[in-house]
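Structure first, then comments.
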Amino acid sequence: MLQRLFLIVFVAMTFLVSVVTESLGQAGTDLVVEVRGKLVRPDRAGIIVESEDGETIAVAYPPTVTSLSFEAAAKPEFLSRGMMVRFKGNFNQAGMAQGPIKTVEIFGPVDVKQLSSSQRERFTPGVHLDRKHKRSEPPPPIATVTVVGSFAGVQGNMMVVQAGKTLVRAPVNEETKVIVKFNSLELAKAGDPVYVKGFQNAGEKNVRASTIRIRPERVYGEKPPEEEKPKRKRRGEKSEDADEDGESDEGEEAKAAQEGNDS
């Protein structure tokens, strides 16, 4: 009898311990989640997102500044003097570009102290040699470099950038793309599409982001379509809705009303 009672108590305790352990484990488990939706508004510690299924989710900022990215297309006309830009290109030892630049990125300032050494070059004005090239070796005749600096203007088909102490001229053409690429929310607007990847505690809606990407459809520098102004009719010009006999419906109605008054 005592053995049977002991066995029942032992089974009950084992079951209770397993339930408690499982509950504690779930409470402390980080779930990897992805959220797609639209931006509601920035918050002090992150952003508020409305997911595709209509849920409102608070998303904490990612730990690294470059893991938050805002990217949109732009027209070349959007470039203005003083904007910070970066681009890659092939240059010879005399500093001559070996072809048109494919993509120009407009970027905003970040605190470089928060970045790794490899990331700092992307935000530091200058001409940076491709890291695939060993610094101990002499520079090749033609090298791939990243130019970072302040946009100074366009002279003919040449874009001019003040890259630190070096003035760089590089050709551009109609195929050169211009992209706005910020690591902040200063250009973001409510309703912009948002993608979030991060971690979520089981049973909670809030997300601790590892990546936030915002990709609006608007194009910076694109002129809004002009509304077509109604054409002013010249004296004696026929109305578009005039009948074949040269009199419009409005004219016939006015004539019929006048005849009725005469009778």
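Naming works like this for the structure tokens: A, B, ... for the chains as they're shown, residue 1 at the start of each chain, ligands 1 onward in shown order.
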**Item:** Which of stretch 75-196 of chain A DSSP labels helix (DSSP H, G or I), written as a VMD selection string
**Value:** chain A and resid 76 to 78 112 to 114 117 to 123
**Request:** May I have all residues of stretch 17-170 of chain A that DSSP, computed from the backbone, assigns to strand (DSSP E), given as a ChimeraX atom specification?
**Result:** /A:30-42,46-51,56-60,68-74,84-92,103-106,126-129,142-155,158-163,166-170
**Prompt:** Excluding same-chain residues fewer than 2 positions from A:Asn201, what lies within 6 Å of it counting only C-alpha atoms, as a list in words?
**Reply:**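 After dropping sequence-adjacent residues, the list is Thr29, Asp30 and Glu204 of chain A.
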Excluding A:Ile142 and residues on its chain fewer than 6 positions from it, collect all residues at most 7 Å away from it, counting only C-alpha atoms, and give them as a short mmCIF file (atom, residue, chain, number, x, y, z; two decimals) with C-alpha atoms, in the first residue's frame.
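Produced file around_39.cif, reproduced below:
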```
data_model
loop_
_atom_site.label_atom_id
_atom_site.label_comp_id
_atom_site.auth_asym_id
_atom_site.auth_seq_id
_atom_site.Cartn_x
_atom_site.Cartn_y
_atom_site.Cartn_z
CA ASN A 90 37.45 51.52 -61.66
CA PHE A 91 40.26 54.11 -61.75
CA ASN A 92 43.79 54.06 -63.10
CA GLN A 93 46.81 55.31 -61.17
#
```
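Interatomic distance, atom CA of A:Gly46 to atom CA of A:Leu187: 15.2 Å.
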**Asked** At what distance in Å, to one decimal, does atom CA of A:Lys223 lie from atom CA of A:Ile106?
**Response**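 Taking atom CA of A:Ile106 as the start and atom CA of A:Lys223 as the end point, the length is 18.7 Å.
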**Message:** What's around A:Asn183 at 8 Å? Count only C-alpha atoms, leave out sequence neighbours fewer than 3 positions away in its own chain, and write the answer as a PyMOL selection string.
**Reply:** chain A and resi 65-70+107-108+110
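Between atom CA of A:Leu185 and atom CA of A:Ala152 there is a distance of 25.3 Å.
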**Prompt:** Near A:Gly37, within 8 Å and counting only C-alpha atoms, which residues show up once chain neighbours fewer than 4 positions away are dropped, as a VMD selection string?
**Reply:** chain A and resid 49 to 52 193 to 195
